[in-house]
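J.: One file is attached below, data.txt, containing compact mmCIF, C-alpha atoms and all ligand atoms.
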```txt
# COMPACT_ATOMS: atom_id res chain seq x y z
CA VAL A 1 0.00 0.00 0.00
CA ILE A 2 1.37 3.41 -0.94
CA LEU A 3 0.28 5.62 1.93
CA THR A 4 -1.02 9.09 1.16
CA THR A 5 -0.06 12.18 3.14
CA GLU A 6 -3.67 12.37 4.24
CA SER A 7 -3.81 8.82 5.60
CA VAL A 8 -0.49 9.15 7.43
CA GLY A 9 -1.60 12.50 8.87
CA THR A 10 -4.81 10.93 10.17
CA ARG A 11 -3.02 7.92 11.64
CA LEU A 12 -0.38 10.06 13.38
CA ALA A 13 -3.08 12.32 14.83
CA ARG A 14 -5.08 9.37 16.16
CA VAL A 15 -2.03 7.73 17.71
CA ARG A 16 -0.86 11.03 19.21
CA GLY A 17 -4.28 11.25 20.88
CA HIS A 18 -3.91 7.75 22.34
CA THR A 19 -0.34 8.57 23.42
CA LYS A 20 -1.47 11.63 25.34
CA ALA A 21 -4.36 9.67 26.88
CA ALA A 22 -1.83 7.12 28.14
CA GLY A 23 -0.09 9.87 30.11
CA VAL A 24 3.13 10.10 28.10
CA ASP A 25 4.34 12.87 25.80
CA THR A 26 6.25 10.57 23.43
CA LEU A 27 5.83 7.03 22.18
CA VAL A 28 8.83 4.90 21.19
CA VAL A 29 7.54 2.46 18.59
CA THR A 30 9.64 -0.67 18.06
CA HIS A 31 7.07 -3.24 16.85
CA LEU A 32 7.66 -3.41 13.08
CA PRO A 33 3.98 -3.69 11.99
CA ASN A 34 3.26 -0.58 14.08
CA ILE A 35 6.13 1.26 12.36
CA GLN A 36 4.75 0.18 9.00
CA TYR A 37 1.28 1.37 9.94
CA LEU A 38 2.50 4.82 11.00
CA THR A 39 5.03 5.50 8.25
CA GLY A 40 4.67 2.94 5.46
CA PHE A 41 8.26 1.82 6.15
CA ALA A 42 8.46 -1.98 5.86
CA GLY A 43 12.10 -2.81 6.61
CA THR A 44 13.33 -5.61 8.86
CA ALA A 45 14.51 -3.13 11.51
CA GLY A 46 13.61 0.43 12.48
CA ALA A 47 12.16 2.61 15.21
CA VAL A 48 9.78 5.53 15.43
CA VAL A 49 9.91 8.24 18.07
CA LEU A 50 6.50 9.92 17.98
CA GLY A 51 6.43 13.15 19.94
CA PRO A 52 3.70 15.79 20.13
CA ASP A 53 5.27 17.85 17.33
CA ARG A 54 7.76 15.62 15.57
CA CYS A 55 7.68 12.06 14.26
CA VAL A 56 11.16 10.64 13.67
CA LEU A 57 11.70 7.44 11.69
CA LEU A 58 15.06 5.92 12.62
CA VAL A 59 16.61 3.51 10.13
CA ASP A 60 20.03 1.92 9.82
CA SER A 61 22.32 2.44 6.82
CA ARG A 62 20.71 -0.36 4.80
CA TYR A 63 17.47 1.57 4.51
CA VAL A 64 18.57 5.21 4.31
CA THR A 65 17.91 5.70 0.60
CA ALA A 66 14.52 3.99 0.58
CA ALA A 67 13.36 5.65 3.79
CA ALA A 68 14.48 9.10 2.62
CA ALA A 69 12.40 8.72 -0.56
CA LEU A 70 9.44 7.50 1.49
CA THR A 71 9.50 10.36 4.00
CA ALA A 72 10.06 12.94 1.22
CA SER A 73 6.85 11.68 -0.41
CA LEU A 74 4.98 12.40 2.84
CA GLY A 75 5.88 16.08 3.05
CA ARG A 76 6.89 17.17 6.52
CA LEU A 77 4.95 14.61 8.52
CA ILE A 78 7.91 12.35 9.27
CA ALA A 79 11.63 13.10 9.57
CA MET A 80 14.01 10.29 8.65
CA GLU A 81 17.24 9.99 10.62
CA THR A 82 20.01 7.43 10.75
CA PHE A 83 22.81 6.76 13.25
CA GLU A 84 26.30 5.42 13.70
CA HIS A 85 26.03 3.03 16.64
CA SER A 86 22.69 1.51 17.61
CA TYR A 87 18.96 2.02 17.48
CA ASP A 88 18.73 2.50 21.22
CA GLU A 89 21.42 5.16 21.34
CA ALA A 90 19.64 6.93 18.50
CA ILE A 91 16.29 6.74 20.36
CA ILE A 92 17.95 8.20 23.49
CA ASP A 93 19.44 11.06 21.42
CA VAL A 94 16.03 11.94 19.93
CA LEU A 95 14.29 11.83 23.33
CA ARG A 96 16.95 14.14 24.80
CA ARG A 97 17.04 16.54 21.86
CA ASP A 98 13.24 16.83 21.58
CA GLY A 99 12.88 17.36 25.33
CA SER A 100 10.65 14.38 26.16
CA GLU A 101 9.80 14.10 29.85
CA ARG A 102 7.78 10.86 29.87
CA ALA A 103 8.30 8.42 27.03
CA GLY A 104 6.20 5.28 26.60
CA ILE A 105 7.65 2.07 25.19
CA GLU A 106 5.68 -0.84 23.74
CA ALA A 107 5.77 -3.24 26.67
CA ALA A 108 4.41 -6.16 24.65
CA TYR A 109 7.34 -6.02 22.24
CA LEU A 110 10.42 -4.34 23.72
CA PRO A 111 12.82 -6.83 25.33
CA VAL A 112 13.40 -6.19 29.04
CA SER A 113 17.12 -5.58 28.46
CA ARG A 114 16.41 -2.82 25.95
CA PHE A 115 13.83 -1.29 28.30
CA HIS A 116 16.39 -1.17 31.10
CA GLY A 117 18.99 0.33 28.75
CA LEU A 118 16.63 3.08 27.57
CA ALA A 119 15.48 3.83 31.12
CA ALA A 120 19.02 3.92 32.54
CA ALA A 121 20.14 6.56 30.02
CA GLY A 122 18.00 9.11 31.86
CA ALA A 123 16.99 11.06 28.74
CA ALA A 124 13.34 10.85 29.84
CA LEU A 125 11.31 8.86 32.31
CA VAL A 126 10.66 5.66 30.33
CA VAL A 127 7.40 3.89 31.14
CA PRO A 128 5.72 0.74 29.77
CA THR A 129 2.58 1.30 27.70
CA GLU A 130 0.34 -1.07 25.77
CA ARG A 131 -1.96 -1.03 22.74
CA ILE A 132 -1.39 2.60 21.78
CA VAL A 133 -0.92 2.01 18.04
CA GLU A 134 -3.05 -1.16 18.12
CA GLN A 135 -6.11 0.84 19.24
CA SER A 136 -5.91 2.67 15.97
CA ARG A 137 -4.98 -0.35 13.83
CA VAL A 138 -8.01 -2.36 14.93
CA ILE A 139 -10.30 -0.07 12.89
CA LYS A 140 -9.20 -0.28 9.28
CA ASP A 141 -9.16 2.87 7.17
CA GLY A 142 -10.29 3.17 3.55
CA LEU A 143 -6.92 2.22 2.05
CA GLU A 144 -6.69 -0.84 4.26
CA ILE A 145 -10.25 -1.98 3.54
CA ALA A 146 -9.70 -1.69 -0.21
CA THR A 147 -6.51 -3.74 0.05
CA ILE A 148 -7.96 -6.45 2.28
CA ARG A 149 -11.09 -6.69 0.14
CA GLU A 150 -8.96 -7.30 -2.95
CA ALA A 151 -6.80 -9.80 -1.04
CA GLY A 152 -9.94 -11.65 0.06
CA ARG A 153 -11.21 -11.89 -3.52
CA ARG A 154 -7.89 -13.30 -4.64
CA LEU A 155 -7.70 -15.82 -1.80
CA ALA A 156 -11.24 -16.98 -2.57
CA ARG A 157 -10.09 -17.72 -6.13
CA VAL A 158 -7.28 -19.89 -4.75
CA ALA A 159 -9.84 -21.67 -2.57
CA ALA A 160 -11.94 -22.39 -5.64
CA GLU A 161 -8.99 -24.30 -7.11
CA ALA A 162 -8.33 -26.26 -3.93
CA PRO A 163 -10.73 -29.20 -4.41
CA GLY A 164 -8.96 -30.06 -7.66
CA LEU A 165 -5.64 -30.39 -5.82
CA VAL A 166 -6.91 -32.92 -3.30
CA ARG A 167 -6.52 -36.28 -5.04
CA GLU A 168 -5.79 -39.81 -3.92
CA GLY A 169 -2.07 -40.58 -3.68
CA ARG A 170 -0.90 -36.96 -3.47
CA THR A 171 0.87 -35.95 -0.28
CA GLU A 172 -0.03 -33.18 2.14
CA ARG A 173 3.19 -31.41 1.16
CA ASP A 174 2.39 -31.62 -2.58
CA ILE A 175 -0.92 -29.89 -1.92
CA ALA A 176 0.60 -27.28 0.40
CA TRP A 177 3.13 -26.32 -2.26
CA ASP A 178 0.43 -26.11 -4.92
CA LEU A 179 -1.67 -23.86 -2.70
CA GLU A 180 1.35 -21.60 -2.12
CA ALA A 181 2.10 -21.50 -5.86
CA ALA A 182 -1.55 -20.63 -6.53
CA MET A 183 -1.32 -17.79 -3.99
CA ARG A 184 1.80 -16.41 -5.71
CA ALA A 185 0.03 -16.62 -9.07
CA GLU A 186 -2.80 -14.58 -7.54
CA GLY A 187 -0.35 -11.82 -6.58
CA PHE A 188 0.41 -12.67 -2.95
CA SER A 189 4.00 -11.83 -1.98
CA LYS A 190 4.30 -14.68 0.54
CA PRO A 191 2.25 -17.03 2.69
CA ALA A 192 0.90 -15.32 5.80
CA PHE A 193 1.76 -18.43 7.87
CA GLU A 194 2.87 -22.00 7.29
CA THR A 195 0.20 -23.55 5.06
CA ILE A 196 -1.72 -26.37 6.74
CA VAL A 197 -2.80 -29.49 4.85
CA ALA A 198 -3.97 -32.08 7.37
CA SER A 199 -5.37 -35.34 6.07
CA GLY A 200 -7.10 -38.29 7.73
CA PRO A 201 -6.01 -38.62 11.36
CA ASN A 202 -3.95 -35.43 11.02
CA SER A 203 -7.11 -33.45 10.34
CA ALA A 204 -8.05 -34.00 13.99
CA LEU A 205 -4.97 -31.91 14.99
CA PRO A 206 -6.07 -28.26 14.81
CA HIS A 207 -2.62 -27.01 13.78
CA ALA A 208 -0.85 -29.82 11.95
CA ARG A 209 2.17 -29.29 9.68
CA PRO A 210 1.98 -30.80 6.17
CA THR A 211 3.78 -34.14 6.02
CA GLY A 212 4.70 -36.69 3.32
CA ARG A 213 1.49 -38.60 4.12
CA LYS A 214 -0.51 -39.64 1.04
CA LEU A 215 -4.23 -38.95 0.90
CA ASN A 216 -6.71 -41.81 0.86
CA ARG A 217 -10.35 -42.09 -0.06
CA GLY A 218 -12.78 -41.71 2.79
CA GLU A 219 -10.69 -39.11 4.59
CA LEU A 220 -11.29 -35.52 5.60
CA THR A 221 -8.54 -33.05 4.73
CA VAL A 222 -8.29 -29.59 6.32
CA LEU A 223 -6.68 -26.93 4.12
CA ASP A 224 -5.75 -23.71 5.92
CA PHE A 225 -3.82 -21.13 3.95
CA GLY A 226 -3.36 -17.41 3.70
CA GLY A 227 -1.19 -14.86 2.03
CA VAL A 228 0.20 -11.37 2.31
CA TYR A 229 -1.14 -9.09 -0.41
CA ASP A 230 0.27 -5.58 -0.63
CA GLY A 231 1.27 -5.85 3.03
CA TYR A 232 -2.07 -7.20 4.33
CA CYS A 233 -2.88 -10.72 5.53
CA VAL A 234 -5.91 -12.84 4.69
CA ASP A 235 -6.56 -16.34 5.99
CA LEU A 236 -8.97 -19.08 4.87
CA SER A 237 -9.74 -22.74 5.63
CA ARG A 238 -11.73 -25.32 3.74
CA THR A 239 -12.31 -28.97 4.53
CA VAL A 240 -12.40 -31.42 1.66
CA GLN A 241 -13.53 -35.04 1.61
CA LEU A 242 -12.12 -37.58 -0.86
CA GLY A 243 -14.93 -39.91 -1.89
CA ALA A 244 -18.23 -40.32 -0.09
CA PRO A 245 -18.23 -39.25 3.57
CA ALA A 246 -19.24 -41.57 6.38
CA ASP A 247 -22.28 -40.35 8.33
CA SER A 248 -20.01 -39.32 11.21
CA GLN A 249 -17.90 -37.17 8.85
CA ALA A 250 -20.90 -35.59 7.17
CA ARG A 251 -22.43 -34.75 10.57
CA LEU A 252 -19.16 -33.15 11.72
CA PHE A 253 -18.98 -31.07 8.55
CA GLU A 254 -22.60 -29.94 8.73
CA ALA A 255 -22.24 -28.98 12.40
CA VAL A 256 -19.20 -26.80 11.71
CA ARG A 257 -20.86 -25.23 8.70
CA GLU A 258 -23.93 -24.42 10.76
CA ALA A 259 -21.72 -22.95 13.51
CA GLN A 260 -19.88 -20.76 11.02
CA ASP A 261 -23.16 -19.54 9.45
CA ALA A 262 -24.55 -18.70 12.89
CA ALA A 263 -21.42 -16.73 13.81
CA ILE A 264 -21.37 -14.80 10.53
CA ARG A 265 -25.07 -13.94 10.86
CA THR A 266 -24.45 -12.63 14.39
CA VAL A 267 -21.76 -10.08 13.47
CA ARG A 268 -22.82 -6.47 13.82
CA PRO A 269 -21.44 -3.31 15.46
CA ARG A 270 -21.78 -2.66 19.20
CA LEU A 271 -21.86 -6.37 20.06
CA ARG A 272 -19.11 -7.89 22.21
CA ALA A 273 -16.68 -10.13 20.31
CA SER A 274 -17.47 -12.98 22.68
CA ALA A 275 -21.06 -12.98 21.37
CA ILE A 276 -19.72 -14.14 17.99
CA ASP A 277 -17.78 -16.91 19.66
CA ALA A 278 -20.87 -17.89 21.64
CA ALA A 279 -22.98 -18.09 18.48
CA ALA A 280 -20.60 -20.68 16.98
CA ARG A 281 -19.98 -22.52 20.24
CA THR A 282 -23.67 -22.90 21.06
CA VAL A 283 -24.29 -24.67 17.75
CA LEU A 284 -21.38 -27.06 18.26
CA GLU A 285 -22.46 -27.75 21.85
CA ARG A 286 -25.96 -28.55 20.61
CA HIS A 287 -24.35 -31.16 18.32
CA GLY A 288 -22.42 -32.58 21.28
CA LEU A 289 -19.18 -31.12 19.92
CA GLY A 290 -18.42 -28.50 22.59
CA ALA A 291 -15.31 -30.34 23.74
CA ALA A 292 -14.19 -30.86 20.13
CA PHE A 293 -13.89 -27.08 19.61
CA GLY A 294 -10.93 -26.03 21.73
CA HIS A 295 -9.76 -22.85 20.02
CA GLY A 296 -11.36 -19.43 19.66
CA THR A 297 -13.72 -18.54 16.83
CA GLY A 298 -11.50 -15.95 15.17
CA HIS A 299 -8.83 -13.29 15.22
CA GLY A 300 -8.23 -9.92 13.65
CA LEU A 301 -6.38 -9.56 10.35
CA GLY A 302 -4.32 -6.71 8.98
CA LEU A 303 -0.60 -6.08 8.77
CA GLU A 304 -0.35 -9.17 11.02
CA VAL A 305 -2.16 -12.45 10.53
CA HIS A 306 -3.14 -12.59 14.19
CA GLU A 307 -4.03 -9.22 15.66
CA GLU A 308 -6.92 -7.59 17.47
CA PRO A 309 -9.78 -8.24 17.93
CA ARG A 310 -9.76 -11.66 19.56
CA ILE A 311 -13.05 -13.48 18.91
CA SER A 312 -13.20 -15.93 21.78
CA ARG A 313 -14.79 -16.84 25.06
CA PRO A 314 -14.79 -14.00 27.60
CA SER A 315 -11.92 -14.19 30.04
CA PRO A 316 -11.74 -12.42 33.40
CA ARG A 317 -8.33 -10.95 32.58
CA ILE A 318 -8.71 -9.97 28.91
CA VAL A 319 -10.89 -7.15 27.60
CA ASP A 320 -13.81 -8.38 25.48
CA PRO A 321 -13.77 -5.89 22.59
CA VAL A 322 -16.90 -4.17 21.32
CA LEU A 323 -17.26 -4.63 17.55
CA GLU A 324 -17.11 -1.52 15.38
CA PRO A 325 -17.45 -0.94 11.64
CA GLY A 326 -14.05 -1.29 9.99
CA MET A 327 -12.88 -4.25 12.06
CA VAL A 328 -11.69 -7.23 10.02
CA PHE A 329 -11.43 -10.73 11.47
CA THR A 330 -11.72 -14.42 10.72
CA ILE A 331 -14.59 -16.70 11.64
CA GLU A 332 -13.17 -20.19 11.88
CA PRO A 333 -14.97 -22.67 14.06
CA GLY A 334 -13.73 -26.24 13.93
CA ALA A 335 -14.38 -29.63 15.45
CA TYR A 336 -11.64 -32.20 15.94
CA VAL A 337 -12.51 -35.78 16.85
CA PRO A 338 -9.73 -38.38 16.92
CA GLY A 339 -11.00 -41.48 15.09
CA ILE A 340 -13.30 -39.46 12.81
CA GLY A 341 -11.17 -36.51 11.74
CA GLY A 342 -11.39 -32.77 11.82
CA VAL A 343 -13.28 -29.99 10.09
CA ARG A 344 -12.50 -26.28 10.06
CA ILE A 345 -14.17 -23.66 7.88
CA GLU A 346 -12.67 -20.18 7.94
CA ASP A 347 -13.67 -16.98 6.22
CA ASP A 348 -12.72 -13.34 6.71
CA VAL A 349 -15.30 -10.65 7.46
CA LEU A 350 -15.43 -6.86 7.58
CA VAL A 351 -17.80 -5.35 10.14
CA THR A 352 -20.18 -2.91 8.40
CA GLU A 353 -22.78 -0.48 9.76
CA ASP A 354 -25.46 -3.15 9.99
CA GLY A 355 -23.73 -6.53 9.86
CA CYS A 356 -20.72 -7.81 8.01
CA GLU A 357 -19.32 -8.34 4.54
CA VAL A 358 -17.74 -11.76 3.90
CA LEU A 359 -14.46 -11.04 2.11
CA THR A 360 -13.56 -14.60 1.09
CA ARG A 361 -16.73 -15.99 -0.48
N1 LIG B 1 -3.62 -20.97 10.46
C1 LIG B 1 -3.72 -19.85 11.26
C2 LIG B 1 -5.10 -19.49 11.57
O1 LIG B 1 -6.06 -19.90 10.95
O2 LIG B 1 -5.32 -18.72 12.46
MN MN B 2 -6.25 -20.07 8.93
MN MN B 3 -7.14 -17.91 11.16
```
Let me see the structure of the file written as structure tokens.
Ligand code: GLY
Ligand code: MN
Ligand code: MN

T.:
Amino acid sequence: VILTTESVGTRLARVRGHTKAAGVDTLVVTHLPNIQYLTGFAGTAGAVVLGPDRCVLLVDSRYVTAAAALTASLGRLIAMETFEHSYDEAIIDVLRRDGSERAGIEAAYLPVSRFHGLAAAGAALVVPTERIVEQSRVIKDGLEIATIREAGRRLARVAAEAPGLVREGRTERDIAWDLEAAMRAEGFSKPAFETIVASGPNSALPHARPTGRKLNRGELTVLDFGGVYDGYCVDLSRTVQLGAPADSQARLFEAVREAQDAAIRTVRPRLRASAIDAAARTVLERHGLGAAFGHGTGHGLGLEVHEEPRISRPSPRIVDPVLEPGMVFTIEPGAYVPGIGGVRIEDDVLVTEDGCEVLTR
């Protein structure tokens, strides 16, 4: 995604608001997807020091040319700087020079040793903060929605080819490679995670790795694949049966399909995320499959393949998010029964004003 000056300006303003609300004057951003969100910079290292008046993108010598072109294209919103010694020394220099008094770090991502090093320098009081950029990322903006929508269309086309790849005698790995090749042919830059092809008994393992096992008739096979398209992740699962299903397999499939339908029909703004999980879980429980569904119903998608919001059972220690238009997440109930096999069906949805749009039909 080529970010516009307008979109970066809006993102910086929103995140500055959250920074101030967290009681710090400056935010030191070290989580790479957060750096990418704020600046468009997608290197393998970097840091952002976001103060009330200045936003500094720090890059090492490998990225100076690319980052200078990027920041020049964004007018005066972001200043690019580089350094001689280390990222942390450069962060300390910026904090001191720009007169920060209280600087927040991203506690979920900064190693403890780096936190201690930054705090010990005494340039500013350095305090742990959480979810400052993520609060903004969870609601996708227009550029992001357009990108994810296109990614979803492309991934759905790969899914349409999938049944043709599942044939007797082929191995799980053969199929995984074909799915990855099909994603590349659809314009994805890389898989968003290790592709899952789980056949027969392996299908009852929710997160199996593809093996050299050959597929047989009468077996369920779970295909779970996703790709990164123009920086954004989409994620989809289908379950395929070779030959006629046994009654037990057909019942498992129908129960999961019904659970997924119920969850998708429940999505609308102002509802708690756990209500979506409950919609799927209630159906599976009614089919006697409550214990066969161990994982959550879904997860947010964006620059990362697993991000906010979590769509799962409410927990006393984790905030249950309220759904808002612009959130994008998966709906992926499954049921895993050793001796029968496993089924998972996963699609990606965008929350709209009055429900949701399925992005991976
Ligand atoms: N395979 C990762 C996921 O579906 O979340
Ligand atoms: Mn998946
Ligand atoms: Mn998923």

J.: Counting all atoms listed in the file, what residues are within 12 Å of ligand MN 2 (chain B), given as a CSV table (one decimal) with C-alpha atoms, in the coordinates of the input?

T.:
```csv
chain,number,residue,atom,x,y,z
A,155,LEU,CA,-7.7,-15.8,-1.8
A,191,PRO,CA,2.2,-17.0,2.7
A,192,ALA,CA,0.9,-15.3,5.8
A,193,PHE,CA,1.8,-18.4,7.9
A,194,GLU,CA,2.9,-22.0,7.3
A,195,THR,CA,0.2,-23.6,5.1
A,196,ILE,CA,-1.7,-26.4,6.7
A,197,VAL,CA,-2.8,-29.5,4.8
A,206,PRO,CA,-6.1,-28.3,14.8
A,207,HIS,CA,-2.6,-27.0,13.8
A,208,ALA,CA,-0.8,-29.8,12.0
A,222,VAL,CA,-8.3,-29.6,6.3
A,223,LEU,CA,-6.7,-26.9,4.1
A,224,ASP,CA,-5.8,-23.7,5.9
A,225,PHE,CA,-3.8,-21.1,4.0
A,226,GLY,CA,-3.4,-17.4,3.7
A,227,GLY,CA,-1.2,-14.9,2.0
A,233,CYS,CA,-2.9,-10.7,5.5
A,234,VAL,CA,-5.9,-12.8,4.7
A,235,ASP,CA,-6.6,-16.3,6.0
A,236,LEU,CA,-9.0,-19.1,4.9
A,237,SER,CA,-9.7,-22.7,5.6
A,238,ARG,CA,-11.7,-25.3,3.7
A,239,THR,CA,-12.3,-29.0,4.5
A,295,HIS,CA,-9.8,-22.8,20.0
A,296,GLY,CA,-11.4,-19.4,19.7
A,297,THR,CA,-13.7,-18.5,16.8
A,298,GLY,CA,-11.5,-16.0,15.2
A,299,HIS,CA,-8.8,-13.3,15.2
A,300,GLY,CA,-8.2,-9.9,13.6
A,301,LEU,CA,-6.4,-9.6,10.4
A,305,VAL,CA,-2.2,-12.4,10.5
A,306,HIS,CA,-3.1,-12.6,14.2
A,329,PHE,CA,-11.4,-10.7,11.5
A,330,THR,CA,-11.7,-14.4,10.7
A,331,ILE,CA,-14.6,-16.7,11.6
A,332,GLU,CA,-13.2,-20.2,11.9
A,333,PRO,CA,-15.0,-22.7,14.1
A,334,GLY,CA,-13.7,-26.2,13.9
A,344,ARG,CA,-12.5,-26.3,10.1
A,345,ILE,CA,-14.2,-23.7,7.9
A,346,GLU,CA,-12.7,-20.2,7.9
A,347,ASP,CA,-13.7,-17.0,6.2
A,348,ASP,CA,-12.7,-13.3,6.7
```

J.: Quick one: residues within 10 Å of Leu58 of chain A, all atoms listed in the file counted, chain neighbours fewer than 2 positions away excluded, as a list in words?

T.: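 So, after excluding close chain neighbours, the residues are Ala45, Gly46, Ala47, Val48, Val49, Cys55, Val56, Asp60, Ser61, Tyr63, Val64, Ala67, Ala79, Met80, Glu81, Thr82, Phe83, Tyr87, Asp88, Ala90, Ile91 and Val94 of chain A.
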
J.: Between atom CA of Asn216 of chain A and atom CA of Gln241 of chain A, what is the distance in Å, rounded to a tenth?

T.: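 Computing the Euclidean distance for atom CA of Asn216 of chain A and atom CA of Gln241 of chain A yields 9.6 Å.
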
J.: Considering only C-alpha atoms and all ligand atoms, state which residue in the set A:Ala185, A:Ala279, A:Leu323, A:Ile311 is at the smallest distance from ligand MN 3 (chain B).

T.: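 Checking each candidate against ligand MN 3 (chain B), we get A:Ile311 as the closest.
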
J.: Measuring atom to atom with only C-alpha atoms and all ligand atoms, identify which of A:Ala72, A:Gly355, A:Gly302, A:Asp320 is nearest to ligand MN 3 (chain B).

T.: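 Ranked by minimum distance to ligand MN 3 (chain B), first place goes to A:Gly302.
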
J.: Have a look at A:Ser248, A:Arg209, A:Ala121, A:Arg257 and name the one nearest to ligand LIG 1 (chain B); count only C-alpha atoms and all ligand atoms.

T.: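 Among the listed residues, the smallest separation from ligand LIG 1 (chain B) belongs to A:Arg209.
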
J.: Using Å and a single decimal, report how far atom CA of Gly341 of chain A sits from atom CA of Arg286 of chain A.

T.: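 Distance reported for this atom pair: 19.0 Å.
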
J.: Could you tell me how far atom CA of Pro325 of chain A sits from atom CA of Glu357 of chain A, in Å to one decimal place?

T.: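 About the pair atom CA of Glu357 of chain A and atom CA of Pro325 of chain A: they are 10.4 Å apart.
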
J.: Taking only C-alpha atoms into account, which of A:Val349, A:Leu3, A:Val358, A:Leu179 comes nearest Met327 of chain A?

T.: A:Val349

J.: Which polymer residues have any atom within 7 Å of an atom of Arg173 of chain A, counting all atoms listed in the file, with same-chain residues fewer than 4 positions away left out, as an MDAnalysis selection string?

T.: chainID A and resid 177 210:212

J.: Quick one: residues within 9 Å of Val1 of chain A, all atoms listed in the file counted, chain neighbours fewer than 4 positions away excluded, as an MDAnalysis selection string?

T.: chainID A and resid 40 143:144 147 230:232

J.: Set the distance at 12 Å and use all atoms listed in the file: which residues neighbour Ala21 of chain A once local chain neighbours fewer than 3 positions away are removed? I'd like the list as number ranges by chain.

T.: A: 14-18, 24-27, 104, 129-132, 135

J.: Write out as a list in words the residues lying within 7 Å of Ala292 of chain A, counting all atoms listed in the file and excluding same-chain residues fewer than 5 positions away.

T.: Ala335, Tyr336 and Val337 of chain A

J.: Write the residues of the selection above to a file with C-alpha atoms, as an mmCIF file, keeping the file's coordinate frame.

T.:
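Printed below is out-v1.cif as written:
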```cif
data_model
loop_
_atom_site.group_PDB
_atom_site.id
_atom_site.type_symbol
_atom_site.label_atom_id
_atom_site.label_comp_id
_atom_site.auth_asym_id
_atom_site.auth_seq_id
_atom_site.Cartn_x
_atom_site.Cartn_y
_atom_site.Cartn_z
ATOM 1 C CA ALA A 335 -14.380 -29.630 15.450
ATOM 2 C CA TYR A 336 -11.640 -32.200 15.940
ATOM 3 C CA VAL A 337 -12.510 -35.780 16.850
#
```

J.: Measuring atom to atom with all atoms listed in the file, identify which of A:Leu95, A:Ala198, A:Leu350, A:Leu252 is nearest to ligand LIG 1 (chain B).

T.: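 Comparing A:Leu95, A:Ala198, A:Leu350, A:Leu252 against ligand LIG 1 (chain B), the winner is A:Ala198.
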
J.: Which one of A:Asp277, A:Asp141, A:Glu307, A:Glu161 sits closest to Val8 of chain A if you count all atoms listed in the file?

T.: A:Asp141
